[in-house]
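Raw contents of start30.cif, mmCIF, C-alpha atoms and all ligand atoms:
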data_start
loop_
_atom_site.label_atom_id
_atom_site.label_comp_id
_atom_site.auth_asym_id
_atom_site.auth_seq_id
_atom_site.Cartn_x
_atom_site.Cartn_y
_atom_site.Cartn_z
CA MET A 30 44.58 -64.16 15.01
CA THR A 31 42.12 -61.42 14.31
CA LYS A 32 38.49 -61.96 13.45
CA LEU A 33 36.17 -59.40 11.93
CA ASP A 34 32.86 -58.72 13.63
CA ALA A 35 29.96 -59.53 11.36
CA ALA A 36 29.14 -55.79 11.46
CA PRO A 37 28.48 -54.03 8.16
CA LEU A 38 31.13 -51.35 8.82
CA GLY A 39 33.24 -50.90 5.76
CA THR A 40 30.83 -52.56 3.36
CA ASP A 41 30.68 -49.61 0.95
CA MET A 42 34.46 -49.21 0.96
CA PHE A 43 34.90 -52.91 0.24
CA GLU A 44 32.37 -52.59 -2.57
CA ALA A 45 34.22 -49.62 -4.07
CA MET A 46 37.45 -51.65 -4.04
CA ALA A 47 35.92 -54.76 -5.60
CA SER A 48 36.75 -53.62 -9.15
CA TYR A 49 40.17 -52.13 -8.35
CA LEU A 50 42.12 -53.47 -11.34
CA LYS A 51 39.26 -53.21 -13.80
CA ASP A 52 38.76 -49.57 -12.79
CA TYR A 53 42.44 -48.79 -13.29
CA LYS A 54 42.54 -50.50 -16.67
CA GLU A 55 39.34 -48.99 -18.03
CA ALA A 56 40.19 -45.46 -16.93
CA HIS A 57 43.72 -45.82 -18.31
CA ALA A 58 42.44 -47.02 -21.69
CA ALA A 59 39.79 -44.30 -21.94
CA ALA A 60 42.15 -41.47 -20.99
CA ARG A 61 44.92 -42.71 -23.27
CA ALA A 62 42.61 -42.07 -26.21
CA LEU A 63 41.94 -38.43 -25.30
CA PRO A 64 42.98 -35.68 -27.71
CA LEU A 65 45.75 -34.21 -25.58
CA PRO A 66 48.40 -31.91 -27.02
CA ALA A 67 51.03 -33.93 -28.89
CA PRO A 68 54.50 -34.08 -27.26
CA PRO A 69 56.36 -31.33 -29.17
CA GLU A 70 53.69 -28.78 -28.20
CA VAL A 71 54.26 -29.33 -24.50
CA ASP A 72 57.49 -28.70 -22.60
CA HIS A 73 56.32 -29.42 -19.08
CA VAL A 74 53.42 -31.02 -17.30
CA VAL A 75 51.73 -29.91 -14.08
CA PHE A 76 49.34 -32.15 -12.16
CA THR A 77 47.12 -30.48 -9.62
CA GLY A 78 44.64 -31.94 -7.11
CA MET A 79 44.17 -32.39 -3.37
CA GLY A 80 43.80 -35.33 -1.01
CA GLY A 81 42.34 -38.45 -2.58
CA SER A 82 42.31 -36.66 -5.92
CA GLY A 83 45.91 -35.51 -5.62
CA ILE A 84 47.66 -38.73 -4.69
CA GLY A 85 47.23 -40.12 -8.23
CA ALA A 86 49.42 -37.22 -9.39
CA ASP A 87 52.17 -38.20 -6.95
CA LEU A 88 51.93 -41.83 -8.07
CA VAL A 89 52.15 -41.01 -11.78
CA ALA A 90 54.93 -38.46 -11.26
CA ALA A 91 56.96 -40.97 -9.22
CA LEU A 92 56.50 -43.71 -11.82
CA ALA A 93 57.25 -41.34 -14.71
CA ALA A 94 60.38 -40.00 -13.02
CA ALA A 95 62.41 -42.82 -14.57
CA THR A 96 61.06 -42.36 -18.11
CA SER A 97 59.69 -38.88 -18.68
CA PRO A 98 61.65 -36.66 -21.04
CA ARG A 99 59.75 -33.65 -19.66
CA PRO A 100 59.60 -32.16 -16.16
CA ILE A 101 56.51 -33.04 -14.17
CA VAL A 102 55.49 -30.89 -11.23
CA VAL A 103 52.72 -31.70 -8.77
CA VAL A 104 50.89 -28.67 -7.33
CA LYS A 105 48.79 -29.08 -4.20
CA ASP A 106 47.98 -25.46 -3.61
CA TYR A 107 46.05 -22.50 -5.00
CA GLN A 108 48.44 -21.36 -7.71
CA VAL A 109 50.52 -22.91 -10.48
CA PRO A 110 54.16 -21.70 -10.69
CA PRO A 111 54.93 -18.51 -12.67
CA TRP A 112 56.76 -20.42 -15.44
CA VAL A 113 53.53 -22.20 -16.42
CA GLY A 114 52.47 -20.92 -19.84
CA PRO A 115 51.21 -21.92 -23.30
CA ARG A 116 53.72 -24.78 -23.53
CA THR A 117 52.58 -26.33 -20.24
CA LEU A 118 49.91 -28.99 -19.93
CA VAL A 119 48.06 -28.67 -16.63
CA VAL A 120 45.94 -31.68 -15.65
CA ALA A 121 43.56 -30.99 -12.77
CA THR A 122 41.91 -33.77 -10.78
CA SER A 123 39.03 -33.14 -8.40
CA TYR A 124 36.55 -35.92 -7.85
CA SER A 125 33.86 -33.52 -6.61
CA GLY A 126 34.97 -30.88 -9.09
CA ASN A 127 34.52 -28.24 -6.40
CA THR A 128 37.71 -28.19 -4.34
CA GLU A 129 38.80 -24.58 -4.00
CA GLU A 130 42.56 -25.12 -4.20
CA THR A 131 42.18 -27.11 -7.43
CA LEU A 132 39.74 -24.64 -8.99
CA SER A 133 42.04 -21.73 -8.08
CA ALA A 134 45.06 -23.55 -9.54
CA VAL A 135 43.11 -24.15 -12.76
CA ALA A 136 42.07 -20.49 -12.85
CA SER A 137 45.72 -19.43 -12.53
CA ALA A 138 46.72 -21.94 -15.24
CA ARG A 139 44.07 -20.56 -17.59
CA GLU A 140 45.15 -16.98 -16.85
CA GLN A 141 48.73 -17.99 -17.71
CA LYS A 142 47.44 -19.46 -21.00
CA ALA A 143 48.39 -23.07 -20.17
CA ARG A 144 46.76 -26.04 -21.91
CA VAL A 145 44.28 -27.53 -19.44
CA ALA A 146 42.80 -31.02 -19.15
CA GLY A 147 40.97 -32.56 -16.23
CA ILE A 148 39.39 -35.39 -14.33
CA ALA A 149 36.19 -34.99 -12.27
CA SER A 150 32.87 -36.64 -11.54
CA GLY A 151 30.99 -33.34 -11.77
CA GLY A 152 31.02 -29.92 -10.12
CA ALA A 153 32.51 -26.69 -11.40
CA LEU A 154 35.59 -28.38 -12.85
CA TRP A 155 33.47 -30.68 -14.98
CA THR A 156 31.30 -27.76 -16.13
CA LEU A 157 34.43 -25.92 -17.27
CA LEU A 158 35.95 -28.95 -19.01
CA GLU A 159 32.74 -29.65 -20.87
CA ARG A 160 31.91 -26.08 -21.78
CA GLU A 161 35.42 -25.42 -23.13
CA LYS A 162 35.60 -28.89 -24.76
CA LEU A 163 38.88 -29.56 -22.96
CA PRO A 164 40.33 -33.10 -22.82
CA ARG A 165 38.53 -34.74 -19.92
CA TYR A 166 37.74 -37.94 -18.11
CA ARG A 167 34.53 -38.25 -16.14
CA ALA A 168 34.61 -40.52 -13.12
CA PRO A 169 31.35 -42.15 -12.10
CA PRO A 170 29.65 -40.31 -9.19
CA ASP A 171 28.69 -41.38 -5.65
CA ARG A 172 31.99 -42.52 -4.21
CA GLN A 173 34.23 -40.98 -1.66
CA PRO A 174 37.01 -39.31 -3.70
CA ARG A 175 39.67 -41.49 -2.10
CA ALA A 176 37.68 -44.61 -2.96
CA ALA A 177 37.84 -43.58 -6.62
CA LEU A 178 41.64 -43.81 -6.65
CA PRO A 179 41.93 -46.69 -9.15
CA LEU A 180 39.85 -44.64 -11.62
CA LEU A 181 41.59 -41.32 -10.94
CA PHE A 182 45.07 -42.89 -11.00
CA GLY A 183 44.23 -44.85 -14.14
CA ALA A 184 42.87 -41.79 -15.92
CA LEU A 185 45.88 -39.67 -15.03
CA ALA A 186 48.23 -42.49 -16.05
CA GLY A 187 46.41 -42.74 -19.39
CA MET A 188 46.79 -39.02 -19.97
CA ALA A 189 50.45 -39.15 -18.97
CA GLU A 190 51.00 -41.97 -21.44
CA ARG A 191 49.23 -40.05 -24.18
CA VAL A 192 51.62 -37.13 -23.78
CA GLY A 193 54.68 -39.37 -23.79
CA LEU A 194 55.66 -39.40 -20.13
CA GLY A 195 55.91 -43.20 -19.94
CA SER A 196 53.99 -46.43 -20.41
CA PHE A 197 51.36 -47.18 -17.77
CA ALA A 198 49.61 -50.24 -19.17
CA LEU A 199 49.53 -53.24 -16.85
CA ASP A 200 51.97 -56.01 -17.68
CA GLU A 201 50.05 -59.27 -18.30
CA LYS A 202 51.97 -61.34 -15.72
CA ASP A 203 51.58 -58.58 -13.16
CA GLU A 204 47.88 -58.46 -13.86
CA ASN A 205 47.50 -62.16 -13.07
CA HIS A 206 49.53 -61.78 -9.90
CA LEU A 207 47.58 -58.67 -8.87
CA HIS A 208 44.33 -60.49 -9.44
CA ASN A 209 45.46 -63.19 -6.96
CA VAL A 210 46.62 -60.56 -4.47
CA HIS A 211 43.24 -58.87 -4.73
CA VAL A 212 41.37 -62.11 -4.10
CA GLN A 213 43.52 -62.65 -0.99
CA LEU A 214 42.76 -59.15 0.28
CA GLN A 215 39.00 -59.34 0.01
CA PRO A 216 37.05 -59.89 3.21
CA LYS A 217 36.39 -63.50 4.05
CA LEU A 218 34.36 -63.28 7.21
CA SER A 219 35.04 -66.85 8.15
CA GLY A 220 38.79 -66.76 7.43
CA THR A 221 41.57 -65.43 9.58
CA GLU A 222 44.61 -65.84 7.36
CA ASP A 223 44.25 -62.64 5.42
CA THR A 224 47.53 -60.79 5.81
CA ALA A 225 46.00 -57.30 5.58
CA LEU A 226 43.45 -58.21 8.24
CA ALA A 227 46.11 -59.80 10.43
CA MET A 228 48.29 -56.72 10.04
CA ALA A 229 45.34 -54.50 10.91
CA GLY A 230 45.03 -56.52 14.10
CA ARG A 231 48.62 -55.68 14.98
CA LEU A 232 48.46 -51.99 13.98
CA HIS A 233 45.02 -50.74 14.90
CA ASN A 234 46.01 -49.50 18.37
CA ARG A 235 49.33 -48.01 17.35
CA GLN A 236 50.70 -45.04 15.44
CA PRO A 237 52.34 -46.61 12.41
CA THR A 238 55.19 -45.07 10.47
CA ILE A 239 55.10 -46.23 6.85
CA VAL A 240 58.51 -46.20 5.14
CA ALA A 241 59.09 -46.46 1.39
CA GLU A 242 61.41 -45.22 -1.35
CA GLY A 243 61.51 -44.46 -5.07
CA HIS A 244 58.28 -44.99 -6.99
CA LEU A 245 56.73 -46.48 -3.83
CA ALA A 246 57.17 -43.24 -1.85
CA PRO A 247 53.67 -41.95 -2.71
CA VAL A 248 52.27 -45.38 -1.81
CA ALA A 249 53.51 -44.79 1.75
CA VAL A 250 51.74 -41.43 1.70
CA ARG A 251 48.56 -43.12 0.47
CA TRP A 252 48.76 -45.64 3.37
CA LYS A 253 49.11 -42.75 5.79
CA CYS A 254 46.18 -40.85 4.27
CA GLN A 255 43.97 -43.95 4.15
CA LEU A 256 44.72 -44.71 7.79
CA ASN A 257 43.92 -41.06 8.62
CA GLU A 258 40.63 -40.92 6.71
CA ASN A 259 39.33 -44.48 6.86
CA ALA A 260 40.57 -45.60 10.27
CA LYS A 261 40.52 -42.08 11.79
CA MET A 262 43.97 -42.59 13.27
CA PHE A 263 47.35 -40.90 13.24
CA ALA A 264 49.97 -42.34 10.93
CA ARG A 265 53.23 -41.09 9.45
CA ALA A 266 54.91 -41.60 6.08
CA GLU A 267 58.70 -41.44 5.84
CA ILE A 268 60.65 -41.61 2.61
CA LEU A 269 64.10 -43.14 2.07
CA PRO A 270 66.86 -42.18 1.66
CA GLU A 271 65.88 -38.80 3.16
CA ALA A 272 64.47 -40.29 6.38
CA ASN A 273 67.88 -41.84 7.10
CA HIS A 274 69.13 -38.32 7.66
CA ASN A 275 66.61 -37.32 10.34
CA ASP A 276 63.78 -39.73 11.26
CA LEU A 277 66.37 -42.45 11.97
CA VAL A 278 67.61 -40.60 15.06
CA PRO A 279 64.51 -40.88 17.29
CA TRP A 280 64.18 -44.57 16.36
CA ALA A 281 67.65 -45.01 17.82
CA GLU A 282 67.63 -42.48 20.64
CA GLY A 283 64.16 -40.99 21.13
CA LYS A 284 62.04 -41.29 24.24
CA SER A 285 59.02 -43.47 23.59
CA GLY A 286 55.90 -41.66 22.45
CA PRO A 287 52.57 -43.14 21.38
CA ALA A 288 52.58 -46.92 20.84
CA GLU A 289 54.76 -47.22 17.79
CA ALA A 290 54.97 -49.52 14.82
CA VAL A 291 56.92 -49.45 11.57
CA VAL A 292 55.76 -50.74 8.20
CA LEU A 293 58.34 -51.11 5.42
CA LEU A 294 57.04 -51.10 1.86
CA ARG A 295 59.58 -53.08 -0.12
CA ARG A 296 59.90 -54.53 -3.63
CA ARG A 297 61.52 -57.67 -4.86
CA ASP A 298 64.00 -55.87 -7.13
CA GLU A 299 65.16 -53.11 -4.81
CA PRO A 300 68.80 -52.10 -5.34
CA GLY A 301 71.40 -53.19 -2.80
CA HIS A 302 71.81 -49.76 -1.29
CA VAL A 303 68.07 -49.58 -0.64
CA ALA A 304 68.06 -53.05 0.95
CA ALA A 305 70.98 -51.97 3.15
CA ARG A 306 69.02 -48.95 4.36
CA PHE A 307 65.91 -51.02 5.13
CA ASP A 308 68.03 -53.64 6.91
CA PHE A 309 69.78 -51.03 9.04
CA LEU A 310 66.49 -49.33 9.93
CA SER A 311 64.99 -52.74 10.81
CA GLN A 312 67.84 -53.41 13.24
CA VAL A 313 67.45 -50.01 14.89
CA VAL A 314 63.68 -50.45 15.21
CA ALA A 315 64.14 -53.96 16.60
CA GLY A 316 66.60 -52.57 19.15
CA ARG A 317 63.87 -50.24 20.32
CA GLY A 318 61.44 -53.12 20.63
CA ALA A 319 58.89 -51.56 18.27
CA PRO A 320 56.86 -53.96 16.12
CA LEU A 321 58.01 -54.06 12.53
CA GLU A 322 56.06 -55.15 9.47
CA SER A 323 57.65 -55.67 6.08
CA VAL A 324 55.43 -55.92 3.02
CA GLU A 325 57.15 -56.88 -0.20
CA ALA A 326 55.62 -56.25 -3.62
CA LYS A 327 56.16 -59.30 -5.81
CA SER A 328 55.01 -57.67 -9.06
CA ARG A 329 57.59 -57.39 -11.84
CA THR A 330 57.05 -53.80 -12.92
CA PRO A 331 57.06 -50.53 -10.97
CA LEU A 332 53.39 -49.96 -11.89
CA GLY A 333 52.45 -53.45 -10.72
CA GLN A 334 54.36 -52.94 -7.48
CA SER A 335 52.59 -49.64 -6.86
CA LEU A 336 49.16 -51.14 -7.49
CA GLU A 337 49.95 -54.18 -5.34
CA LEU A 338 50.91 -52.11 -2.32
CA LEU A 339 48.13 -49.58 -2.93
CA MET A 340 45.53 -52.33 -2.81
CA THR A 341 47.14 -53.83 0.28
CA GLY A 342 47.16 -50.49 2.10
CA ASP A 343 43.63 -49.62 1.06
CA TYR A 344 42.26 -52.92 2.36
CA LEU A 345 44.41 -52.68 5.48
CA SER A 346 42.98 -49.23 6.25
CA VAL A 347 39.39 -50.46 6.00
CA TYR A 348 40.10 -53.53 8.16
CA THR A 349 41.79 -51.21 10.65
CA ALA A 350 38.70 -48.98 10.71
CA VAL A 351 36.49 -51.97 11.38
CA LEU A 352 38.73 -53.15 14.23
CA ARG A 353 38.63 -49.63 15.68
CA HIS A 354 34.82 -49.71 15.38
CA VAL A 355 34.65 -46.64 13.16
CA ASP A 356 32.85 -46.19 9.88
CA PRO A 357 35.59 -45.74 7.26
CA THR A 358 33.44 -43.79 4.80
CA PRO A 359 32.47 -40.39 6.26
CA VAL A 360 35.07 -37.68 6.76
CA ASP A 361 32.70 -35.05 8.11
CA VAL A 362 35.35 -32.67 9.36
CA ILE A 363 36.77 -32.22 5.84
CA GLY A 364 33.27 -31.30 4.63
CA GLU A 365 32.88 -28.87 7.53
CA LEU A 366 36.16 -27.18 6.66
CA LYS A 367 35.14 -26.86 3.01
CA LYS A 368 31.85 -25.24 4.05
CA ARG A 369 33.67 -22.89 6.40
CA LEU A 370 36.12 -21.87 3.65
CA GLU A 371 33.28 -21.36 1.16
CA ARG A 372 32.25 -18.41 3.33
CA ASP A 373 35.64 -16.77 2.73
CA GLY A 374 34.81 -16.68 -0.96
CA LEU A 375 37.96 -18.19 -2.53
CA ALA A 376 36.03 -21.01 -4.20
CA ARG A 377 33.48 -18.47 -5.42
CA ASP A 378 36.31 -16.28 -6.68
CA ALA A 379 37.88 -19.24 -8.53
CA ARG A 380 34.52 -20.11 -10.12
CA ARG A 381 34.10 -16.48 -11.18
CA ARG A 382 37.59 -16.46 -12.73
CA LEU A 383 36.67 -19.64 -14.59
CA GLY A 384 33.23 -18.34 -15.52
CA VAL A 385 31.42 -21.36 -14.07
C1 LIG A 401 37.68 -37.73 0.63
C2 LIG A 401 39.08 -37.48 0.37
C3 LIG A 401 39.59 -36.07 0.40
C4 LIG A 401 39.28 -35.34 -0.92
C5 LIG A 401 39.84 -33.91 -0.89
C6 LIG A 401 39.67 -33.18 -2.21
O1 LIG A 401 37.36 -39.06 0.35
O2 LIG A 401 39.81 -38.39 0.14
O3 LIG A 401 40.97 -36.12 0.66
O4 LIG A 401 39.83 -36.05 -1.99
O5 LIG A 401 39.20 -33.19 0.12
O6 LIG A 401 38.35 -33.25 -2.67
P1 LIG A 401 38.10 -33.68 -4.19
O7 LIG A 401 38.73 -35.01 -4.32
O8 LIG A 401 36.63 -33.72 -4.37
O9 LIG A 401 38.76 -32.63 -5.04
#
Would you give me this structure, written as structure tokens?
Ligand code: F6R
Amino acid sequence: MTKLDAAPLGTDMFEAMASYLKDYKEAHAAARALPLPAPPEVDHVVFTGMGGSGIGADLVAALAAATSPRPIVVVKDYQVPPWVGPRTLVVATSYSGNTEETLSAVASAREQKARVAGIASGGALWTLLEREKLPRYRAPPDRQPRAALPLLFGALAGMAERVGLGSFALDEKDENHLHNVHVQLQPKLSGTEDTALAMAGRLHNRQPTIVAEGHLAPVAVRWKCQLNENAKMFARAEILPEANHNDLVPWAEGKSGPAEAVVLLRRRDEPGHVAARFDFLSQVVAGRGAPLESVEAKSRTPLGQSLELLMTGDYLSVYTAVLRHVDPTPVDVIGELKKRLERDGLARDARRRLGV
């Protein structure tokens, strides 16, 4: 059993997560009411954003894949594709509003005459959205971007719903279940039964590989990123069925590397062929003697399942940070890189192209 120190490490991250479901719901409702271009005016949708601001795009795109009548492309780079034009809606998300890739992508979208909407807490992106009266959602300031995920994901989901890509309102039964899951995840300094905390105890000195499929694929990526940024540790995300065609081999035959562990992100309604793949992988991993965790989302809907495993991974990453005795909040090296790149002038160039 794993016990937390009474140290205050992680307090601000826990605080930011305290209103997880409320944040998602409120942002979703607010963004769903935005005056976005009505469906026949838009043929394709591009989401752009980086890091903690970009993962919401992956989540919405993965959930919408089953329902969207229009193509959705996620851009995590400086430039939107050449086919983007007046019949494309480009939704940019940057919590700070100042990330140079996102600003450059928006500049290219504007130059290609796309319809632009956005999500930010301030910065150059917000200035542009406000000045041009573009459809926009303003996130409250003073969080780490990745800690604003429920808001950013909710806002993007609301916008996606508004333009007819799918329905992203929380199912009532799921909401009740998620509320209970959230209560279970919250830190109880005296308790030791918390599954996320117990799992953190088993993973914090290892290099976990998170495996998921379908709409949960970006959730595995979020776990990886949260372990990277909050716990300051290496982690990998592998997606099925693709990983069965490559990553499976070293589990069966590879020489041992860093202390390994595997986490499977599963759902109660996964199809038989998915279950067969997870079962096979589990056997191979067991044969290697690597610890294996399996976390099953009990929610009924794909959205509920995504939120359930997002919350679990977010809490797990903060518990893992605490057990590794690191402060989950600062990510100084990312700030240093942004400052270093600012000198090269691409962010300045993007702001000039946007006139902000
Ligand atoms: C920091 C974080 C980063 C940022 C990324 C983009 O908490 O998660 O991954 O999200 O550097 O910055 P923003 O979100 O301000 O566009």
At most 6 Å is the cut-off: for each residue in chain A with any atom that close to an atom of ligand LIG 401 (chain A), write down the nearest atom pair and the distance in Å rounded to one decimal, counting all atoms listed in the file, chain first then increasing number, as JSON lines.
{"residue": "A:Met79", "atom": "CA", "partner": "A:LIG401", "partner_atom": "C6", "distance": 4.7}
{"residue": "A:Gly80", "atom": "CA", "partner": "A:LIG401", "partner_atom": "O3", "distance": 3.4}
{"residue": "A:Gly81", "atom": "CA", "partner": "A:LIG401", "partner_atom": "O4", "distance": 3.5}
{"residue": "A:Ser82", "atom": "CA", "partner": "A:LIG401", "partner_atom": "O7", "distance": 4.3}
{"residue": "A:Ser123", "atom": "CA", "partner": "A:LIG401", "partner_atom": "O9", "distance": 3.4}
{"residue": "A:Tyr124", "atom": "CA", "partner": "A:LIG401", "partner_atom": "O8", "distance": 4.1}
{"residue": "A:Ser125", "atom": "CA", "partner": "A:LIG401", "partner_atom": "O8", "distance": 3.6}
{"residue": "A:Gly126", "atom": "CA", "partner": "A:LIG401", "partner_atom": "O8", "distance": 5.8}
{"residue": "A:Thr128", "atom": "CA", "partner": "A:LIG401", "partner_atom": "O9", "distance": 4.6}
{"residue": "A:Gln173", "atom": "CA", "partner": "A:LIG401", "partner_atom": "O1", "distance": 4.2}
{"residue": "A:Pro174", "atom": "CA", "partner": "A:LIG401", "partner_atom": "O1", "distance": 4.1}
{"residue": "A:Arg175", "atom": "CA", "partner": "A:LIG401", "partner_atom": "O2", "distance": 3.8}
Long-range neighbours of Val89 in chain A as a ChimeraX atom specification, 8 Å cut-off, all atoms listed in the file, 3 positions minimum in chain: /A:85-86,92-93,182,185-186,189
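Computed from the coordinates, the CA of Gly195 in chain A to CA of Thr96 in chain A distance equals 5.5 Å.
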CA of Leu178 in chain A to CA of Glu299 in chain A, straight-line distance in Å: 25.4 Å
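Using all atoms listed in the file, the shortest contact distance between Gly230 in chain A and any of A:Val351, A:Ala58, A:Met46, A:Ala95 is found at A:Val351.
If you measure from each of A:Gly333, A:Gly151, A:Pro300, A:Gly83 to Glu201 in chain A using only C-alpha atoms, the closest one turns out to be A:Gly333.
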Separation of CA of Pro69 in chain A from CA of His244 in chain A, in Å and rounded to one decimal: 26.1 Å
Distance query range 376-385 of chain A at most 7 Å, all atoms listed in the file, self and fewer than 4 positions along chain excluded, as a ChimeraX atom specification: /A:129,132-133,136,153,156-157,371
